[in-house]
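> Supplied structure: entry-v7.json, JSON, N, CA and C atoms.
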[["chain", "number", "residue", "atom", "x", "y", "z"],
["A", 30, "MET", "N", 110.96, 104.93, 144.51],
["A", 30, "MET", "CA", 110.79, 103.51, 144.29],
["A", 30, "MET", "C", 109.38, 103.12, 144.75],
["A", 31, "SER", "N", 108.67, 102.36, 143.95],
["A", 31, "SER", "CA", 107.32, 101.93, 144.29],
["A", 31, "SER", "C", 107.37, 100.84, 145.36],
["A", 32, "ARG", "N", 106.23, 100.56, 145.98],
["A", 32, "ARG", "CA", 106.17, 99.49, 146.97],
["A", 32, "ARG", "C", 106.57, 98.15, 146.36],
["A", 33, "ARG", "N", 106.06, 97.88, 145.16],
["A", 33, "ARG", "CA", 106.39, 96.62, 144.48],
["A", 33, "ARG", "C", 107.91, 96.52, 144.28],
["A", 34, "GLN", "N", 108.51, 97.59, 143.82],
["A", 34, "GLN", "CA", 109.96, 97.59, 143.58],
["A", 34, "GLN", "C", 110.72, 97.39, 144.89],
["A", 35, "LYS", "N", 110.24, 98.00, 145.96],
["A", 35, "LYS", "CA", 110.89, 97.86, 147.27],
["A", 35, "LYS", "C", 110.80, 96.42, 147.76],
["A", 36, "ILE", "N", 109.65, 95.78, 147.59],
["A", 36, "ILE", "CA", 109.48, 94.38, 148.00],
["A", 36, "ILE", "C", 110.47, 93.50, 147.24],
["A", 37, "VAL", "N", 110.52, 93.66, 145.93],
["A", 37, "VAL", "CA", 111.41, 92.84, 145.11],
["A", 37, "VAL", "C", 112.88, 93.12, 145.44],
["A", 38, "ALA", "N", 113.24, 94.38, 145.58],
["A", 38, "ALA", "CA", 114.63, 94.74, 145.88],
["A", 38, "ALA", "C", 115.05, 94.17, 147.24],
["A", 39, "THR", "N", 114.16, 94.22, 148.21],
["A", 39, "THR", "CA", 114.48, 93.67, 149.53],
["A", 39, "THR", "C", 114.68, 92.17, 149.43],
["A", 40, "ALA", "N", 113.80, 91.49, 148.71],
["A", 40, "ALA", "CA", 113.94, 90.03, 148.54],
["A", 40, "ALA", "C", 115.25, 89.70, 147.85],
["A", 41, "GLN", "N", 115.58, 90.43, 146.81],
["A", 41, "GLN", "CA", 116.83, 90.17, 146.08],
["A", 41, "GLN", "C", 118.04, 90.41, 146.98],
["A", 42, "SER", "N", 117.94, 91.38, 147.87],
["A", 42, "SER", "CA", 119.07, 91.67, 148.76],
["A", 42, "SER", "C", 119.29, 90.56, 149.79],
["A", 43, "LYS", "N", 118.32, 89.69, 149.95],
["A", 43, "LYS", "CA", 118.42, 88.60, 150.92],
["A", 43, "LYS", "C", 118.79, 87.27, 150.28],
["A", 44, "LEU", "N", 119.06, 87.26, 148.98],
["A", 44, "LEU", "CA", 119.52, 86.04, 148.32],
["A", 44, "LEU", "C", 120.78, 85.54, 149.03],
["A", 45, "GLY", "N", 120.81, 84.26, 149.32],
["A", 45, "GLY", "CA", 121.95, 83.67, 150.00],
["A", 45, "GLY", "C", 121.81, 83.60, 151.50],
["A", 46, "CYS", "N", 120.79, 84.24, 152.07],
["A", 46, "CYS", "CA", 120.58, 84.14, 153.51],
["A", 46, "CYS", "C", 120.18, 82.71, 153.87],
["A", 47, "LYS", "N", 120.56, 82.30, 155.03],
["A", 47, "LYS", "CA", 120.29, 80.94, 155.49],
["A", 47, "LYS", "C", 118.81, 80.76, 155.82],
["A", 48, "TYR", "N", 118.25, 79.58, 155.45],
["A", 48, "TYR", "CA", 116.90, 79.19, 155.83],
["A", 48, "TYR", "C", 116.94, 78.58, 157.22],
["A", 49, "VAL", "N", 116.11, 79.12, 158.11],
["A", 49, "VAL", "CA", 115.96, 78.57, 159.45],
["A", 49, "VAL", "C", 114.47, 78.60, 159.78],
["A", 50, "TRP", "N", 113.89, 77.44, 160.06],
["A", 50, "TRP", "CA", 112.47, 77.37, 160.35],
["A", 50, "TRP", "C", 112.12, 78.32, 161.49],
["A", 51, "GLY", "N", 111.10, 79.15, 161.26],
["A", 51, "GLY", "CA", 110.63, 80.10, 162.26],
["A", 51, "GLY", "C", 111.38, 81.42, 162.29],
["A", 52, "ALA", "N", 112.42, 81.56, 161.47],
["A", 52, "ALA", "CA", 113.23, 82.79, 161.49],
["A", 52, "ALA", "C", 112.55, 83.90, 160.69],
["A", 53, "VAL", "N", 112.68, 85.11, 161.17],
["A", 53, "VAL", "CA", 112.04, 86.27, 160.54],
["A", 53, "VAL", "C", 113.02, 87.37, 160.14],
["A", 54, "GLY", "N", 114.31, 87.06, 160.10],
["A", 54, "GLY", "CA", 115.29, 88.03, 159.63],
["A", 54, "GLY", "C", 116.03, 88.72, 160.75],
["A", 55, "PRO", "N", 116.93, 89.57, 160.42],
["A", 55, "PRO", "CA", 117.25, 90.05, 159.07],
["A", 55, "PRO", "C", 118.30, 89.23, 158.32],
["A", 56, "LYS", "N", 118.88, 88.20, 158.98],
["A", 56, "LYS", "CA", 119.92, 87.42, 158.28],
["A", 56, "LYS", "C", 119.53, 85.97, 158.03],
["A", 57, "THR", "N", 118.51, 85.48, 158.73],
["A", 57, "THR", "CA", 117.97, 84.14, 158.50],
["A", 57, "THR", "C", 116.45, 84.24, 158.41],
["A", 58, "PHE", "N", 115.87, 83.38, 157.59],
["A", 58, "PHE", "CA", 114.43, 83.44, 157.34],
["A", 58, "PHE", "C", 113.87, 82.06, 157.09],
["A", 59, "ASP", "N", 112.57, 81.89, 157.35],
["A", 59, "ASP", "CA", 111.83, 80.82, 156.72],
["A", 59, "ASP", "C", 110.99, 81.49, 155.64],
["A", 60, "CYS", "N", 110.23, 80.71, 154.90],
["A", 60, "CYS", "CA", 109.53, 81.26, 153.73],
["A", 60, "CYS", "C", 108.60, 82.43, 154.09],
["A", 61, "SER", "N", 107.70, 82.19, 155.04],
["A", 61, "SER", "CA", 106.74, 83.24, 155.39],
["A", 61, "SER", "C", 107.42, 84.39, 156.11],
["A", 62, "GLY", "N", 108.50, 84.10, 156.84],
["A", 62, "GLY", "CA", 109.25, 85.16, 157.50],
["A", 62, "GLY", "C", 109.89, 86.10, 156.50],
["A", 63, "LEU", "N", 110.39, 85.55, 155.39],
["A", 63, "LEU", "CA", 110.97, 86.39, 154.34],
["A", 63, "LEU", "C", 109.90, 87.26, 153.69],
["A", 64, "VAL", "N", 108.75, 86.67, 153.41],
["A", 64, "VAL", "CA", 107.65, 87.45, 152.82],
["A", 64, "VAL", "C", 107.28, 88.61, 153.75],
["A", 65, "ARG", "N", 107.08, 88.29, 155.01],
["A", 65, "ARG", "CA", 106.69, 89.33, 155.96],
["A", 65, "ARG", "C", 107.75, 90.43, 156.06],
["A", 66, "TYR", "N", 109.00, 90.03, 156.12],
["A", 66, "TYR", "CA", 110.10, 91.00, 156.22],
["A", 66, "TYR", "C", 110.11, 91.93, 155.01],
["A", 67, "CYS", "N", 110.03, 91.36, 153.81],
["A", 67, "CYS", "CA", 110.09, 92.16, 152.59],
["A", 67, "CYS", "C", 108.92, 93.14, 152.49],
["A", 68, "TYR", "N", 107.74, 92.66, 152.80],
["A", 68, "TYR", "CA", 106.56, 93.54, 152.75],
["A", 68, "TYR", "C", 106.68, 94.64, 153.81],
["A", 69, "ARG", "N", 107.15, 94.27, 155.00],
["A", 69, "ARG", "CA", 107.29, 95.25, 156.07],
["A", 69, "ARG", "C", 108.26, 96.38, 155.68],
["A", 70, "GLN", "N", 109.34, 96.03, 154.99],
["A", 70, "GLN", "CA", 110.30, 97.04, 154.55],
["A", 70, "GLN", "C", 109.66, 98.02, 153.56],
["A", 71, "ALA", "N", 108.61, 97.57, 152.89],
["A", 71, "ALA", "CA", 107.89, 98.43, 151.95],
["A", 71, "ALA", "C", 106.68, 99.10, 152.61],
["A", 72, "GLY", "N", 106.53, 98.94, 153.92],
["A", 72, "GLY", "CA", 105.45, 99.60, 154.64],
["A", 72, "GLY", "C", 104.12, 98.87, 154.60],
["A", 73, "VAL", "N", 104.15, 97.57, 154.28],
["A", 73, "VAL", "CA", 102.93, 96.78, 154.18],
["A", 73, "VAL", "C", 102.95, 95.72, 155.28],
["A", 74, "SER", "N", 101.88, 95.64, 156.06],
["A", 74, "SER", "CA", 101.79, 94.65, 157.12],
["A", 74, "SER", "C", 101.09, 93.40, 156.60],
["A", 75, "VAL", "N", 101.74, 92.26, 156.78],
["A", 75, "VAL", "CA", 101.13, 90.97, 156.42],
["A", 75, "VAL", "C", 101.27, 90.03, 157.62],
["A", 76, "PRO", "N", 100.40, 89.03, 157.70],
["A", 76, "PRO", "CA", 100.47, 88.08, 158.82],
["A", 76, "PRO", "C", 101.78, 87.30, 158.82],
["A", 77, "ARG", "N", 102.09, 86.67, 159.93],
["A", 77, "ARG", "CA", 103.34, 85.92, 160.08],
["A", 77, "ARG", "C", 103.32, 84.58, 159.37],
["A", 78, "SER", "N", 102.24, 83.83, 159.46],
["A", 78, "SER", "CA", 102.24, 82.47, 158.92],
["A", 78, "SER", "C", 101.83, 82.43, 157.44],
["A", 79, "SER", "N", 102.32, 81.43, 156.74],
["A", 79, "SER", "CA", 102.01, 81.31, 155.31],
["A", 79, "SER", "C", 100.52, 81.09, 155.09],
["A", 80, "GLY", "N", 99.86, 80.34, 155.96],
["A", 80, "GLY", "CA", 98.42, 80.13, 155.82],
["A", 80, "GLY", "C", 97.65, 81.42, 155.94],
["A", 81, "ALA", "N", 98.03, 82.23, 156.91],
["A", 81, "ALA", "CA", 97.37, 83.53, 157.09],
["A", 81, "ALA", "C", 97.70, 84.48, 155.94],
["A", 82, "GLN", "N", 98.92, 84.40, 155.44],
["A", 82, "GLN", "CA", 99.30, 85.24, 154.30],
["A", 82, "GLN", "C", 98.48, 84.86, 153.08],
["A", 83, "LYS", "N", 98.29, 83.57, 152.88],
["A", 83, "LYS", "CA", 97.53, 83.09, 151.72],
["A", 83, "LYS", "C", 96.09, 83.58, 151.75],
["A", 84, "SER", "N", 95.49, 83.59, 152.92],
["A", 84, "SER", "CA", 94.08, 83.97, 153.00],
["A", 84, "SER", "C", 93.88, 85.46, 153.25],
["A", 85, "GLY", "N", 94.98, 86.22, 153.38],
["A", 85, "GLY", "CA", 94.86, 87.61, 153.76],
["A", 85, "GLY", "C", 94.79, 88.62, 152.64],
["A", 86, "GLY", "N", 94.96, 88.18, 151.40],
["A", 86, "GLY", "CA", 95.02, 89.15, 150.30],
["A", 86, "GLY", "C", 93.90, 88.98, 149.31],
["A", 87, "LYS", "N", 93.99, 89.71, 148.27],
["A", 87, "LYS", "CA", 93.02, 89.65, 147.17],
["A", 87, "LYS", "C", 93.45, 88.55, 146.20],
["A", 88, "VAL", "N", 92.52, 87.70, 145.81],
["A", 88, "VAL", "CA", 92.81, 86.63, 144.88],
["A", 88, "VAL", "C", 92.73, 87.17, 143.45],
["A", 89, "ILE", "N", 93.77, 86.91, 142.67],
["A", 89, "ILE", "CA", 93.82, 87.30, 141.26],
["A", 89, "ILE", "C", 94.27, 86.10, 140.44],
["A", 90, "SER", "N", 94.08, 86.19, 139.14],
["A", 90, "SER", "CA", 94.58, 85.11, 138.28],
["A", 90, "SER", "C", 96.09, 85.26, 138.14],
["A", 91, "ILE", "N", 96.75, 84.16, 137.83],
["A", 91, "ILE", "CA", 98.21, 84.18, 137.67],
["A", 91, "ILE", "C", 98.62, 85.14, 136.56],
["A", 92, "SER", "N", 97.77, 85.29, 135.56],
["A", 92, "SER", "CA", 98.10, 86.20, 134.46],
["A", 92, "SER", "C", 98.09, 87.66, 134.90],
["A", 93, "GLU", "N", 97.46, 87.94, 136.02],
["A", 93, "GLU", "CA", 97.42, 89.31, 136.56],
["A", 93, "GLU", "C", 98.56, 89.61, 137.53],
["A", 94, "ALA", "N", 99.31, 88.58, 137.92],
["A", 94, "ALA", "CA", 100.36, 88.75, 138.92],
["A", 94, "ALA", "C", 101.47, 89.67, 138.40],
["A", 95, "LYS", "N", 101.97, 90.49, 139.33],
["A", 95, "LYS", "CA", 103.05, 91.43, 139.01],
["A", 95, "LYS", "C", 104.15, 91.25, 140.04],
["A", 96, "PRO", "N", 105.36, 91.72, 139.73],
["A", 96, "PRO", "CA", 106.45, 91.63, 140.71],
["A", 96, "PRO", "C", 106.02, 92.22, 142.05],
["A", 97, "GLY", "N", 106.31, 91.50, 143.11],
["A", 97, "GLY", "CA", 105.92, 91.93, 144.44],
["A", 97, "GLY", "C", 104.66, 91.25, 144.95],
["A", 98, "ASP", "N", 103.90, 90.59, 144.06],
["A", 98, "ASP", "CA", 102.71, 89.85, 144.48],
["A", 98, "ASP", "C", 103.13, 88.54, 145.12],
["A", 99, "LEU", "N", 102.35, 88.06, 146.06],
["A", 99, "LEU", "CA", 102.59, 86.77, 146.70],
["A", 99, "LEU", "C", 101.76, 85.72, 145.97],
["A", 100, "VAL", "N", 102.43, 84.69, 145.46],
["A", 100, "VAL", "CA", 101.75, 83.63, 144.73],
["A", 100, "VAL", "C", 101.73, 82.37, 145.59],
["A", 101, "CYS", "N", 100.55, 81.86, 145.86],
["A", 101, "CYS", "CA", 100.38, 80.64, 146.67],
["A", 101, "CYS", "C", 99.69, 79.58, 145.84],
["A", 102, "ARG", "N", 100.10, 78.32, 146.05],
["A", 102, "ARG", "CA", 99.45, 77.22, 145.35],
["A", 102, "ARG", "C", 98.98, 76.19, 146.34]]
Could you rewrite the structure in this file as structure tokens?


Amino acid sequence: MSRRQKIVATAQSKLGCKYVWGAVGPKTFDCSGLVRYCYRQAGVSVPRSSGAQKSGGKVISISEAKPGDLVCR
């Protein structure tokens, strides 16, 4: 399984988990906590906060986005 597939599969496995501000898993998450958890399961380290996650990667156009990419607006 590729890293992208692992990120997506992990996220899908967490559907239905409760949202709790500041939570990082494995049964409750906030938005950035879920991103960090999913990436970590695929062996990728990302920052904890959404602001740091947004500024921590490579910027691409939306047309280049693939499953497993983090999209920020």

> Mind pulling up the distance from atom C of A:Gly62 to atom N of A:Ser92?

24.2 Å

> Atom CA of A:Val53 and atom CA of A:Tyr66 are how many Å apart?

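Computing it gives 6.7 Å between the two atoms.
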
> Determine which residues of chain A DSSP labels as strand (DSSP E or B) from the backbone of this structure, then write them out as a list in words.

Lys47, Tyr48, Val53, Thr57 and Phe58 of chain A

> List as a PyMOL selection string the protein and nucleic acid residues near stretch 70-83 of chain A, meaning an atom at most 6 Å away when all atoms listed in the file are counted, but skip any in the same chain fewer than 5 places from it.

chain A and resi 32+35-36+61-62+65

> Provide the atom CA of A:Trp50 to atom N of A:Pro96 distance in Å, to one decimal place.

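Atom-to-atom, atom CA of A:Trp50 and atom N of A:Pro96 are spaced 26.1 Å apart.
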
> Pick from A:Ile89, A:Val100, A:Cys60, A:Cys67: nearest to A:Ala40, with all atoms listed in the file counted?

A:Cys67

> So which bits of chain A end up alpha helix (DSSP H) when you DSSP the backbone, as a list in words?

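Residues meeting the alpha helix (DSSP H) criterion: Arg32, Arg33, Gln34, Lys35, Ile36, Val37, Ala38, Thr39, Ala40, Gln41, Ser42, Cys60, Ser61, Gly62, Leu63, Val64, Arg65, Tyr66, Cys67, Tyr68, Arg69, Gln70, Ser79, Gly80, Ala81, Gln82, Lys83 and Ser84 of chain A.
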
> Go through A:Leu44, A:Gly97, A:Gly85, A:Arg102 and flag the residue nearest A:Thr57, using only C-alpha atoms for the distances.

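Comparing A:Leu44, A:Gly97, A:Gly85, A:Arg102 against A:Thr57, the winner is A:Leu44.
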
> In the coordinate frame of the file, compute which residues have an atom within 6.5 Å of (105.1, 93.2, 141.5) when using all atoms listed in the file, and state them as a ChimeraX atom specification.

/A:33-34,94-98

> So, with all atoms listed in the file as the atoms that count, which of A:Tyr68, A:Cys101, A:Ile91, A:Ser84 lies closest to A:Val37?

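Counting all atoms listed in the file, the residue closest to A:Val37 is A:Tyr68.
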
> Please supply stretch 78-89 of chain A, rebuilt with all heavy atoms, as a PDB file, keeping the file's coordinate frame.


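What landed in result16.pdb:
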ATOM      1  N   SER A  78     102.240  83.830 159.460  1.00  0.00           N
ATOM      2  CA  SER A  78     102.240  82.470 158.920  1.00  0.00           C
ATOM      3  C   SER A  78     101.830  82.430 157.440  1.00  0.00           C
ATOM      4  O   SER A  78     101.087  83.292 156.968  1.00  0.00           O
ATOM      5  CB  SER A  78     101.292  81.574 159.713  1.00  0.00           C
ATOM      6  OG  SER A  78      99.950  81.921 159.446  1.00  0.00           O
ATOM      7  N   SER A  79     102.320  81.430 156.740  1.00  0.00           N
ATOM      8  CA  SER A  79     102.010  81.310 155.310  1.00  0.00           C
ATOM      9  C   SER A  79     100.520  81.090 155.090  1.00  0.00           C
ATOM     10  O   SER A  79      99.949  81.620 154.135  1.00  0.00           O
ATOM     11  CB  SER A  79     102.814  80.182 154.664  1.00  0.00           C
ATOM     12  OG  SER A  79     102.559  78.962 155.320  1.00  0.00           O
ATOM     13  N   GLY A  80      99.860  80.340 155.960  1.00  0.00           N
ATOM     14  CA  GLY A  80      98.420  80.130 155.820  1.00  0.00           C
ATOM     15  C   GLY A  80      97.650  81.420 155.940  1.00  0.00           C
ATOM     16  O   GLY A  80      96.727  81.684 155.162  1.00  0.00           O
ATOM     17  N   ALA A  81      98.030  82.230 156.910  1.00  0.00           N
ATOM     18  CA  ALA A  81      97.370  83.530 157.090  1.00  0.00           C
ATOM     19  C   ALA A  81      97.700  84.480 155.940  1.00  0.00           C
ATOM     20  O   ALA A  81      96.854  85.253 155.502  1.00  0.00           O
ATOM     21  CB  ALA A  81      97.752  84.141 158.433  1.00  0.00           C
ATOM     22  N   GLN A  82      98.920  84.400 155.440  1.00  0.00           N
ATOM     23  CA  GLN A  82      99.300  85.240 154.300  1.00  0.00           C
ATOM     24  C   GLN A  82      98.480  84.860 153.080  1.00  0.00           C
ATOM     25  O   GLN A  82      98.008  85.718 152.345  1.00  0.00           O
ATOM     26  CB  GLN A  82     100.795  85.091 153.997  1.00  0.00           C
ATOM     27  CG  GLN A  82     101.679  85.733 155.025  1.00  0.00           C
ATOM     28  CD  GLN A  82     103.152  85.417 154.849  1.00  0.00           C
ATOM     29  OE1 GLN A  82     103.554  84.648 153.973  1.00  0.00           O
ATOM     30  NE2 GLN A  82     103.992  86.006 155.695  1.00  0.00           N
ATOM     31  N   LYS A  83      98.290  83.570 152.880  1.00  0.00           N
ATOM     32  CA  LYS A  83      97.530  83.090 151.720  1.00  0.00           C
ATOM     33  C   LYS A  83      96.090  83.580 151.750  1.00  0.00           C
ATOM     34  O   LYS A  83      95.549  83.970 150.717  1.00  0.00           O
ATOM     35  CB  LYS A  83      97.559  81.555 151.676  1.00  0.00           C
ATOM     36  CG  LYS A  83      96.799  80.970 150.522  1.00  0.00           C
ATOM     37  CD  LYS A  83      96.869  79.459 150.532  1.00  0.00           C
ATOM     38  CE  LYS A  83      96.087  78.887 149.376  1.00  0.00           C
ATOM     39  NZ  LYS A  83      96.103  77.430 149.373  1.00  0.00           N
ATOM     40  N   SER A  84      95.490  83.590 152.920  1.00  0.00           N
ATOM     41  CA  SER A  84      94.080  83.970 153.000  1.00  0.00           C
ATOM     42  C   SER A  84      93.880  85.460 153.250  1.00  0.00           C
ATOM     43  O   SER A  84      92.749  85.925 153.297  1.00  0.00           O
ATOM     44  CB  SER A  84      93.371  83.165 154.088  1.00  0.00           C
ATOM     45  OG  SER A  84      93.932  83.447 155.347  1.00  0.00           O
ATOM     46  N   GLY A  85      94.980  86.220 153.380  1.00  0.00           N
ATOM     47  CA  GLY A  85      94.860  87.610 153.760  1.00  0.00           C
ATOM     48  C   GLY A  85      94.790  88.620 152.640  1.00  0.00           C
ATOM     49  O   GLY A  85      94.577  89.795 152.874  1.00  0.00           O
ATOM     50  N   GLY A  86      94.960  88.180 151.400  1.00  0.00           N
ATOM     51  CA  GLY A  86      95.020  89.150 150.300  1.00  0.00           C
ATOM     52  C   GLY A  86      93.900  88.980 149.310  1.00  0.00           C
ATOM     53  O   GLY A  86      92.981  88.186 149.492  1.00  0.00           O
ATOM     54  N   LYS A  87      93.990  89.710 148.270  1.00  0.00           N
ATOM     55  CA  LYS A  87      93.020  89.650 147.170  1.00  0.00           C
ATOM     56  C   LYS A  87      93.450  88.550 146.200  1.00  0.00           C
ATOM     57  O   LYS A  87      94.613  88.483 145.803  1.00  0.00           O
ATOM     58  CB  LYS A  87      93.007  91.000 146.436  1.00  0.00           C
ATOM     59  CG  LYS A  87      92.112  91.040 145.235  1.00  0.00           C
ATOM     60  CD  LYS A  87      92.231  92.395 144.530  1.00  0.00           C
ATOM     61  CE  LYS A  87      91.479  92.348 143.214  1.00  0.00           C
ATOM     62  NZ  LYS A  87      91.708  93.559 142.429  1.00  0.00           N
ATOM     63  N   VAL A  88      92.520  87.700 145.810  1.00  0.00           N
ATOM     64  CA  VAL A  88      92.810  86.630 144.880  1.00  0.00           C
ATOM     65  C   VAL A  88      92.730  87.170 143.450  1.00  0.00           C
ATOM     66  O   VAL A  88      91.748  87.815 143.074  1.00  0.00           O
ATOM     67  CB  VAL A  88      91.824  85.447 145.054  1.00  0.00           C
ATOM     68  CG1 VAL A  88      92.084  84.366 144.021  1.00  0.00           C
ATOM     69  CG2 VAL A  88      91.939  84.888 146.466  1.00  0.00           C
ATOM     70  N   ILE A  89      93.770  86.910 142.670  1.00  0.00           N
ATOM     71  CA  ILE A  89      93.820  87.300 141.260  1.00  0.00           C
ATOM     72  C   ILE A  89      94.270  86.100 140.440  1.00  0.00           C
ATOM     73  O   ILE A  89      94.804  85.142 140.980  1.00  0.00           O
ATOM     74  CB  ILE A  89      94.766  88.499 141.025  1.00  0.00           C
ATOM     75  CG1 ILE A  89      96.197  88.131 141.450  1.00  0.00           C
ATOM     76  CG2 ILE A  89      94.268  89.744 141.744  1.00  0.00           C
ATOM     77  CD1 ILE A  89      97.245  89.169 141.080  1.00  0.00           C
TER      78      ILE A  89
END
